$ cat target_8.pdb   # PDB, N, CA and C atoms
ATOM      1  N   MET A   6      66.467 159.926  89.998  1.00  0.00           N
ATOM      2  CA  MET A   6      67.652 159.095  90.139  1.00  0.00           C
ATOM      3  C   MET A   6      67.262 157.625  90.014  1.00  0.00           C
ATOM      4  N   LEU A   7      68.221 156.865  89.501  1.00  0.00           N
ATOM      5  CA  LEU A   7      68.001 155.423  89.388  1.00  0.00           C
ATOM      6  C   LEU A   7      68.343 154.752  90.709  1.00  0.00           C
ATOM      7  N   LYS A   8      67.466 153.922  91.105  1.00  0.00           N
ATOM      8  CA  LYS A   8      67.688 153.216  92.362  1.00  0.00           C
ATOM      9  C   LYS A   8      68.417 151.908  92.042  1.00  0.00           C
ATOM     10  N   ARG A   9      69.635 151.806  92.501  1.00  0.00           N
ATOM     11  CA  ARG A   9      70.435 150.597  92.247  1.00  0.00           C
ATOM     12  C   ARG A   9      70.502 149.778  93.517  1.00  0.00           C
ATOM     13  N   GLN A  10      69.805 148.683  93.483  1.00  0.00           N
ATOM     14  CA  GLN A  10      69.835 147.786  94.624  1.00  0.00           C
ATOM     15  C   GLN A  10      70.465 146.482  94.144  1.00  0.00           C
ATOM     16  N   LEU A  11      71.477 146.046  94.856  1.00  0.00           N
ATOM     17  CA  LEU A  11      72.176 144.833  94.469  1.00  0.00           C
ATOM     18  C   LEU A  11      71.325 143.624  94.838  1.00  0.00           C
ATOM     19  N   ASN A  12      70.908 142.906  93.810  1.00  0.00           N
ATOM     20  CA  ASN A  12      70.108 141.714  94.030  1.00  0.00           C
ATOM     21  C   ASN A  12      70.972 140.511  93.661  1.00  0.00           C
ATOM     22  N   TRP A  13      71.254 139.638  94.607  1.00  0.00           N
ATOM     23  CA  TRP A  13      72.153 138.509  94.369  1.00  0.00           C
ATOM     24  C   TRP A  13      71.422 137.301  93.800  1.00  0.00           C
ATOM     25  N   LYS A  14      70.099 137.310  93.863  1.00  0.00           N
ATOM     26  CA  LYS A  14      69.358 136.135  93.412  1.00  0.00           C
ATOM     27  C   LYS A  14      69.376 135.990  91.891  1.00  0.00           C
ATOM     28  N   ARG A  15      69.219 137.058  91.166  1.00  0.00           N
ATOM     29  CA  ARG A  15      69.165 136.963  89.708  1.00  0.00           C
ATOM     30  C   ARG A  15      70.516 136.555  89.108  1.00  0.00           C
ATOM     31  N   PRO A  16      71.648 137.170  89.459  1.00  0.00           N
ATOM     32  CA  PRO A  16      72.927 136.696  88.891  1.00  0.00           C
ATOM     33  C   PRO A  16      73.247 135.259  89.291  1.00  0.00           C
ATOM     34  N   LEU A  17      72.906 134.885  90.515  1.00  0.00           N
ATOM     35  CA  LEU A  17      73.161 133.524  90.960  1.00  0.00           C
ATOM     36  C   LEU A  17      72.357 132.529  90.134  1.00  0.00           C
ATOM     37  N   PHE A  18      71.131 132.870  89.824  1.00  0.00           N
ATOM     38  CA  PHE A  18      70.283 131.997  89.018  1.00  0.00           C
ATOM     39  C   PHE A  18      70.870 131.804  87.629  1.00  0.00           C
ATOM     40  N   PHE A  19      71.296 132.899  86.994  1.00  0.00           N
ATOM     41  CA  PHE A  19      71.817 132.793  85.639  1.00  0.00           C
ATOM     42  C   PHE A  19      73.196 132.142  85.604  1.00  0.00           C
ATOM     43  N   LEU A  20      73.944 132.213  86.674  1.00  0.00           N
ATOM     44  CA  LEU A  20      75.230 131.519  86.721  1.00  0.00           C
ATOM     45  C   LEU A  20      75.045 130.012  86.915  1.00  0.00           C
ATOM     46  N   LEU A  21      74.046 129.635  87.681  1.00  0.00           N
ATOM     47  CA  LEU A  21      73.831 128.213  87.954  1.00  0.00           C
ATOM     48  C   LEU A  21      72.917 127.538  86.946  1.00  0.00           C
ATOM     49  N   LEU A  22      72.246 128.309  86.103  1.00  0.00           N
ATOM     50  CA  LEU A  22      71.327 127.724  85.131  1.00  0.00           C
ATOM     51  C   LEU A  22      72.016 126.727  84.193  1.00  0.00           C
ATOM     52  N   PRO A  23      73.191 127.019  83.612  1.00  0.00           N
ATOM     53  CA  PRO A  23      73.839 126.011  82.753  1.00  0.00           C
ATOM     54  C   PRO A  23      74.197 124.734  83.508  1.00  0.00           C
ATOM     55  N   VAL A  24      74.584 124.876  84.760  1.00  0.00           N
ATOM     56  CA  VAL A  24      74.926 123.695  85.561  1.00  0.00           C
ATOM     57  C   VAL A  24      73.685 122.831  85.756  1.00  0.00           C
ATOM     58  N   PHE A  25      72.569 123.447  86.067  1.00  0.00           N
ATOM     59  CA  PHE A  25      71.339 122.682  86.261  1.00  0.00           C
ATOM     60  C   PHE A  25      70.885 122.015  84.960  1.00  0.00           C
ATOM     61  N   LEU A  26      71.022 122.709  83.837  1.00  0.00           N
ATOM     62  CA  LEU A  26      70.616 122.116  82.562  1.00  0.00           C
ATOM     63  C   LEU A  26      71.476 120.902  82.225  1.00  0.00           C
ATOM     64  N   ILE A  27      72.765 121.004  82.467  1.00  0.00           N
ATOM     65  CA  ILE A  27      73.656 119.862  82.208  1.00  0.00           C
ATOM     66  C   ILE A  27      73.287 118.701  83.115  1.00  0.00           C
ATOM     67  N   MET A  28      72.979 119.001  84.371  1.00  0.00           N
ATOM     68  CA  MET A  28      72.617 117.934  85.298  1.00  0.00           C
ATOM     69  C   MET A  28      71.287 117.285  84.916  1.00  0.00           C
ATOM     70  N   ILE A  29      70.378 118.058  84.330  1.00  0.00           N
ATOM     71  CA  ILE A  29      69.085 117.501  83.911  1.00  0.00           C
ATOM     72  C   ILE A  29      69.286 116.515  82.759  1.00  0.00           C
ATOM     73  N   PHE A  30      70.106 116.900  81.770  1.00  0.00           N
ATOM     74  CA  PHE A  30      70.266 116.055  80.589  1.00  0.00           C
ATOM     75  C   PHE A  30      71.217 114.888  80.816  1.00  0.00           C
ATOM     76  N   LEU A  31      72.237 115.076  81.622  1.00  0.00           N
ATOM     77  CA  LEU A  31      73.211 114.007  81.831  1.00  0.00           C
ATOM     78  C   LEU A  31      72.923 113.174  83.074  1.00  0.00           C
ATOM     79  N   GLY A  32      72.131 113.683  83.959  1.00  0.00           N
ATOM     80  CA  GLY A  32      71.817 112.939  85.173  1.00  0.00           C
ATOM     81  C   GLY A  32      72.684 113.384  86.336  1.00  0.00           C
ATOM     82  N   PHE A  33      72.293 112.925  87.490  1.00  0.00           N
ATOM     83  CA  PHE A  33      73.048 113.272  88.694  1.00  0.00           C
ATOM     84  C   PHE A  33      73.395 111.989  89.416  1.00  0.00           C
ATOM     85  N   PRO A  34      74.555 111.714  89.847  1.00  0.00           N
ATOM     86  CA  PRO A  34      75.753 112.537  89.711  1.00  0.00           C
ATOM     87  C   PRO A  34      76.231 112.562  88.267  1.00  0.00           C
ATOM     88  N   MET A  35      76.997 113.564  87.928  1.00  0.00           N
ATOM     89  CA  MET A  35      77.460 113.717  86.556  1.00  0.00           C
ATOM     90  C   MET A  35      78.371 112.557  86.196  1.00  0.00           C
ATOM     91  N   PRO A  36      78.207 112.013  84.994  1.00  0.00           N
ATOM     92  CA  PRO A  36      79.000 110.842  84.610  1.00  0.00           C
ATOM     93  C   PRO A  36      80.465 111.201  84.397  1.00  0.00           C
ATOM     94  N   VAL A  37      81.319 110.431  85.020  1.00  0.00           N
ATOM     95  CA  VAL A  37      82.760 110.584  84.824  1.00  0.00           C
ATOM     96  C   VAL A  37      83.318 109.200  84.513  1.00  0.00           C
ATOM     97  N   ALA A  38      84.448 109.167  83.864  1.00  0.00           N
ATOM     98  CA  ALA A  38      85.056 107.893  83.497  1.00  0.00           C
ATOM     99  C   ALA A  38      85.559 107.182  84.750  1.00  0.00           C
ATOM    100  N   PRO A  39      85.373 105.870  84.813  1.00  0.00           N
ATOM    101  CA  PRO A  39      85.880 105.139  85.974  1.00  0.00           C
ATOM    102  C   PRO A  39      87.401 105.110  85.949  1.00  0.00           C
ATOM    103  N   PRO A  40      88.019 104.950  87.081  1.00  0.00           N
ATOM    104  CA  PRO A  40      89.488 104.899  87.088  1.00  0.00           C
ATOM    105  C   PRO A  40      89.971 103.663  86.337  1.00  0.00           C
ATOM    106  N   PRO A  41      91.127 103.748  85.707  1.00  0.00           N
ATOM    107  CA  PRO A  41      91.611 102.593  84.950  1.00  0.00           C
ATOM    108  C   PRO A  41      91.892 101.409  85.859  1.00  0.00           C
ATOM    109  N   ALA A  42      91.677 100.214  85.326  1.00  0.00           N
ATOM    110  CA  ALA A  42      91.890  99.003  86.107  1.00  0.00           C
ATOM    111  C   ALA A  42      93.377  98.836  86.410  1.00  0.00           C
ATOM    112  N   THR A  43      93.660  98.388  87.605  1.00  0.00           N
ATOM    113  CA  THR A  43      95.059  98.186  87.973  1.00  0.00           C
ATOM    114  C   THR A  43      95.553  96.887  87.352  1.00  0.00           C
ATOM    115  N   LYS A  44      96.745  96.932  86.823  1.00  0.00           N
ATOM    116  CA  LYS A  44      97.321  95.752  86.187  1.00  0.00           C
ATOM    117  C   LYS A  44      98.056  94.935  87.243  1.00  0.00           C
ATOM    118  N   PRO A  45      97.991  93.610  87.136  1.00  0.00           N
ATOM    119  CA  PRO A  45      98.739  92.804  88.099  1.00  0.00           C
ATOM    120  C   PRO A  45     100.241  92.978  87.892  1.00  0.00           C
ATOM    121  N   ALA A  46     100.971  92.820  88.951  1.00  0.00           N
ATOM    122  CA  ALA A  46     102.425  92.978  88.869  1.00  0.00           C
ATOM    123  C   ALA A  46     103.015  91.873  88.005  1.00  0.00           C
ATOM    124  N   GLN A  47     104.032  92.235  87.256  1.00  0.00           N
ATOM    125  CA  GLN A  47     104.653  91.253  86.381  1.00  0.00           C
ATOM    126  C   GLN A  47     105.434  90.243  87.215  1.00  0.00           C
ATOM    127  N   GLU A  48     105.290  88.976  86.839  1.00  0.00           N
ATOM    128  CA  GLU A  48     105.991  87.937  87.576  1.00  0.00           C
ATOM    129  C   GLU A  48     107.478  88.024  87.286  1.00  0.00           C
ATOM    130  N   ILE A  49     108.268  87.783  88.318  1.00  0.00           N
ATOM    131  CA  ILE A  49     109.720  87.824  88.162  1.00  0.00           C
ATOM    132  C   ILE A  49     110.174  86.432  87.730  1.00  0.00           C
ATOM    133  N   SER A  50     110.776  86.365  86.573  1.00  0.00           N
ATOM    134  CA  SER A  50     111.212  85.063  86.068  1.00  0.00           C
ATOM    135  C   SER A  50     112.655  84.803  86.498  1.00  0.00           C
ATOM    136  N   VAL A  51     112.917  83.549  86.805  1.00  0.00           N
ATOM    137  CA  VAL A  51     114.251  83.131  87.211  1.00  0.00           C
ATOM    138  C   VAL A  51     114.899  82.478  86.012  1.00  0.00           C
ATOM    139  N   THR A  52     116.102  82.914  85.672  1.00  0.00           N
ATOM    140  CA  THR A  52     116.789  82.338  84.524  1.00  0.00           C
ATOM    141  C   THR A  52     117.296  80.948  84.891  1.00  0.00           C
ATOM    142  N   VAL A  53     117.102  80.049  83.981  1.00  0.00           N
ATOM    143  CA  VAL A  53     117.541  78.669  84.178  1.00  0.00           C
ATOM    144  C   VAL A  53     118.868  78.504  83.473  1.00  0.00           C
ATOM    145  N   LYS A  54     119.866  78.055  84.222  1.00  0.00           N
ATOM    146  CA  LYS A  54     121.183  77.849  83.627  1.00  0.00           C
ATOM    147  C   LYS A  54     121.189  76.529  82.871  1.00  0.00           C
ATOM    148  N   LYS A  55     121.709  76.592  81.659  1.00  0.00           N
ATOM    149  CA  LYS A  55     121.784  75.384  80.852  1.00  0.00           C
ATOM    150  C   LYS A  55     122.976  74.548  81.314  1.00  0.00           C
ATOM    151  N   LYS A  56     122.763  73.249  81.318  1.00  0.00           N
ATOM    152  CA  LYS A  56     123.857  72.346  81.667  1.00  0.00           C
ATOM    153  C   LYS A  56     124.741  72.179  80.437  1.00  0.00           C
ATOM    154  N   LYS A  57     126.014  72.215  80.685  1.00  0.00           N
ATOM    155  CA  LYS A  57     126.946  72.022  79.580  1.00  0.00           C
ATOM    156  C   LYS A  57     126.956  70.552  79.204  1.00  0.00           C
ATOM    157  N   VAL A  58     126.934  70.327  77.909  1.00  0.00           N
ATOM    158  CA  VAL A  58     126.963  68.959  77.413  1.00  0.00           C
ATOM    159  C   VAL A  58     128.427  68.534  77.330  1.00  0.00           C
ATOM    160  N   ARG A  59     128.751  67.459  78.021  1.00  0.00           N
ATOM    161  CA  ARG A  59     130.130  66.964  78.010  1.00  0.00           C
ATOM    162  C   ARG A  59     130.279  65.890  76.938  1.00  0.00           C
ATOM    163  N   LEU A  60     131.314  66.014  76.230  1.00  0.00           N
ATOM    164  CA  LEU A  60     131.631  64.976  75.268  1.00  0.00           C
ATOM    165  C   LEU A  60     132.474  63.919  75.965  1.00  0.00           C
ATOM    166  N   ARG A  61     132.106  62.706  75.741  1.00  0.00           N
ATOM    167  CA  ARG A  61     132.882  61.626  76.371  1.00  0.00           C
ATOM    168  C   ARG A  61     134.130  61.384  75.556  1.00  0.00           C
ATOM    169  N   SER A  62     135.219  61.485  76.200  1.00  0.00           N
ATOM    170  CA  SER A  62     136.481  61.183  75.502  1.00  0.00           C
ATOM    171  C   SER A  62     136.851  59.741  75.806  1.00  0.00           C
ATOM    172  N   GLY A  63     136.990  59.020  74.814  1.00  0.00           N
ATOM    173  CA  GLY A  63     137.324  57.618  75.005  1.00  0.00           C
ATOM    174  C   GLY A  63     137.141  56.881  73.706  1.00  0.00           C
ATOM    175  N   SER A  64     137.081  55.580  73.801  1.00  0.00           N
ATOM    176  CA  SER A  64     136.934  54.780  72.582  1.00  0.00           C
ATOM    177  C   SER A  64     135.482  54.819  72.131  1.00  0.00           C
ATOM    178  N   PRO A  65     135.261  54.984  70.830  1.00  0.00           N
ATOM    179  CA  PRO A  65     133.883  54.989  70.318  1.00  0.00           C
ATOM    180  C   PRO A  65     133.280  53.595  70.392  1.00  0.00           C
ATOM    181  N   ASP A  66     132.008  53.488  70.699  1.00  0.00           N
ATOM    182  CA  ASP A  66     131.349  52.187  70.814  1.00  0.00           C
ATOM    183  C   ASP A  66     130.712  51.774  69.520  1.00  0.00           C
TER     184      ASP A  66
END
$ encode --input "target_8.pdb" --output "structure tokens"
Amino acid sequence: MLKRQLNWKRPLFFLLLPVFLIMIFLGFPMPVAPPPATKPAQEISVTVKKKKVRLRSGSPD
């Protein structure tokens, strides 16, 4: 009869081997993109009301 003994070390090694290889070549901690820079809030502009130009009614000078 075949003796089947469950060995957890060998499957664990082969499952983690790609992770270790990636960490060896890319470094530790693994490089990830930095979060995007926050943009400053847009300034609220106040509308300037134009003054109405009055025509002088009277005798021309």
$ atom_distance --input "target_8.pdb" --atom1 "atom C of Pro16 in chain A" --atom2 "atom N of Met28 in chain A"
17.0 Å
$ atom_distance --input "target_8.pdb" --atom1 "CA of Pro41 in chain A" --atom2 "CA of Val24 in chain A"
26.9 Å
$ axis_aligned_box --input "target_8.pdb" --around "range 27-45 of chain A" --padding-each-side "8 Å" --output "lines of an AutoDock Vina configuration file"
center_x = 84.7
center_y = 106.9
center_z = 85.2
size_x = 47.2
size_y = 44.2
size_z = 25.3
$ atom_distance --input "target_8.pdb" --atom1 "atom N of Leu20 in chain A" --atom2 "atom C of Ala38 in chain A"
27.7 Å
$ select_by_dssp --input "target_8.pdb" --residues "range 16-54 of chain A" --states "alpha helix (DSSP H)" --output "list of chain:residue names"
A:Pro16, A:Leu17, A:Phe18, A:Phe19, A:Leu20, A:Leu21, A:Leu22, A:Pro23, A:Val24, A:Phe25, A:Leu26, A:Ile27, A:Met28, A:Ile29, A:Phe30, A:Leu31
$ write_last_selection --input "target_8.pdb" --atoms "N, CA and C atoms" --output "PDB file, keeping the file's coordinate frame"
ATOM      1  N   PRO A  16      71.648 137.170  89.459  1.00  0.00           N
ATOM      2  CA  PRO A  16      72.927 136.696  88.891  1.00  0.00           C
ATOM      3  C   PRO A  16      73.247 135.259  89.291  1.00  0.00           C
ATOM      4  N   LEU A  17      72.906 134.885  90.515  1.00  0.00           N
ATOM      5  CA  LEU A  17      73.161 133.524  90.960  1.00  0.00           C
ATOM      6  C   LEU A  17      72.357 132.529  90.134  1.00  0.00           C
ATOM      7  N   PHE A  18      71.131 132.870  89.824  1.00  0.00           N
ATOM      8  CA  PHE A  18      70.283 131.997  89.018  1.00  0.00           C
ATOM      9  C   PHE A  18      70.870 131.804  87.629  1.00  0.00           C
ATOM     10  N   PHE A  19      71.296 132.899  86.994  1.00  0.00           N
ATOM     11  CA  PHE A  19      71.817 132.793  85.639  1.00  0.00           C
ATOM     12  C   PHE A  19      73.196 132.142  85.604  1.00  0.00           C
ATOM     13  N   LEU A  20      73.944 132.213  86.674  1.00  0.00           N
ATOM     14  CA  LEU A  20      75.230 131.519  86.721  1.00  0.00           C
ATOM     15  C   LEU A  20      75.045 130.012  86.915  1.00  0.00           C
ATOM     16  N   LEU A  21      74.046 129.635  87.681  1.00  0.00           N
ATOM     17  CA  LEU A  21      73.831 128.213  87.954  1.00  0.00           C
ATOM     18  C   LEU A  21      72.917 127.538  86.946  1.00  0.00           C
ATOM     19  N   LEU A  22      72.246 128.309  86.103  1.00  0.00           N
ATOM     20  CA  LEU A  22      71.327 127.724  85.131  1.00  0.00           C
ATOM     21  C   LEU A  22      72.016 126.727  84.193  1.00  0.00           C
ATOM     22  N   PRO A  23      73.191 127.019  83.612  1.00  0.00           N
ATOM     23  CA  PRO A  23      73.839 126.011  82.753  1.00  0.00           C
ATOM     24  C   PRO A  23      74.197 124.734  83.508  1.00  0.00           C
ATOM     25  N   VAL A  24      74.584 124.876  84.760  1.00  0.00           N
ATOM     26  CA  VAL A  24      74.926 123.695  85.561  1.00  0.00           C
ATOM     27  C   VAL A  24      73.685 122.831  85.756  1.00  0.00           C
ATOM     28  N   PHE A  25      72.569 123.447  86.067  1.00  0.00           N
ATOM     29  CA  PHE A  25      71.339 122.682  86.261  1.00  0.00           C
ATOM     30  C   PHE A  25      70.885 122.015  84.960  1.00  0.00           C
ATOM     31  N   LEU A  26      71.022 122.709  83.837  1.00  0.00           N
ATOM     32  CA  LEU A  26      70.616 122.116  82.562  1.00  0.00           C
ATOM     33  C   LEU A  26      71.476 120.902  82.225  1.00  0.00           C
ATOM     34  N   ILE A  27      72.765 121.004  82.467  1.00  0.00           N
ATOM     35  CA  ILE A  27      73.656 119.862  82.208  1.00  0.00           C
ATOM     36  C   ILE A  27      73.287 118.701  83.115  1.00  0.00           C
ATOM     37  N   MET A  28      72.979 119.001  84.371  1.00  0.00           N
ATOM     38  CA  MET A  28      72.617 117.934  85.298  1.00  0.00           C
ATOM     39  C   MET A  28      71.287 117.285  84.916  1.00  0.00           C
ATOM     40  N   ILE A  29      70.378 118.058  84.330  1.00  0.00           N
ATOM     41  CA  ILE A  29      69.085 117.501  83.911  1.00  0.00           C
ATOM     42  C   ILE A  29      69.286 116.515  82.759  1.00  0.00           C
ATOM     43  N   PHE A  30      70.106 116.900  81.770  1.00  0.00           N
ATOM     44  CA  PHE A  30      70.266 116.055  80.589  1.00  0.00           C
ATOM     45  C   PHE A  30      71.217 114.888  80.816  1.00  0.00           C
ATOM     46  N   LEU A  31      72.237 115.076  81.622  1.00  0.00           N
ATOM     47  CA  LEU A  31      73.211 114.007  81.831  1.00  0.00           C
ATOM     48  C   LEU A  31      72.923 113.174  83.074  1.00  0.00           C
TER      49      LEU A  31
END
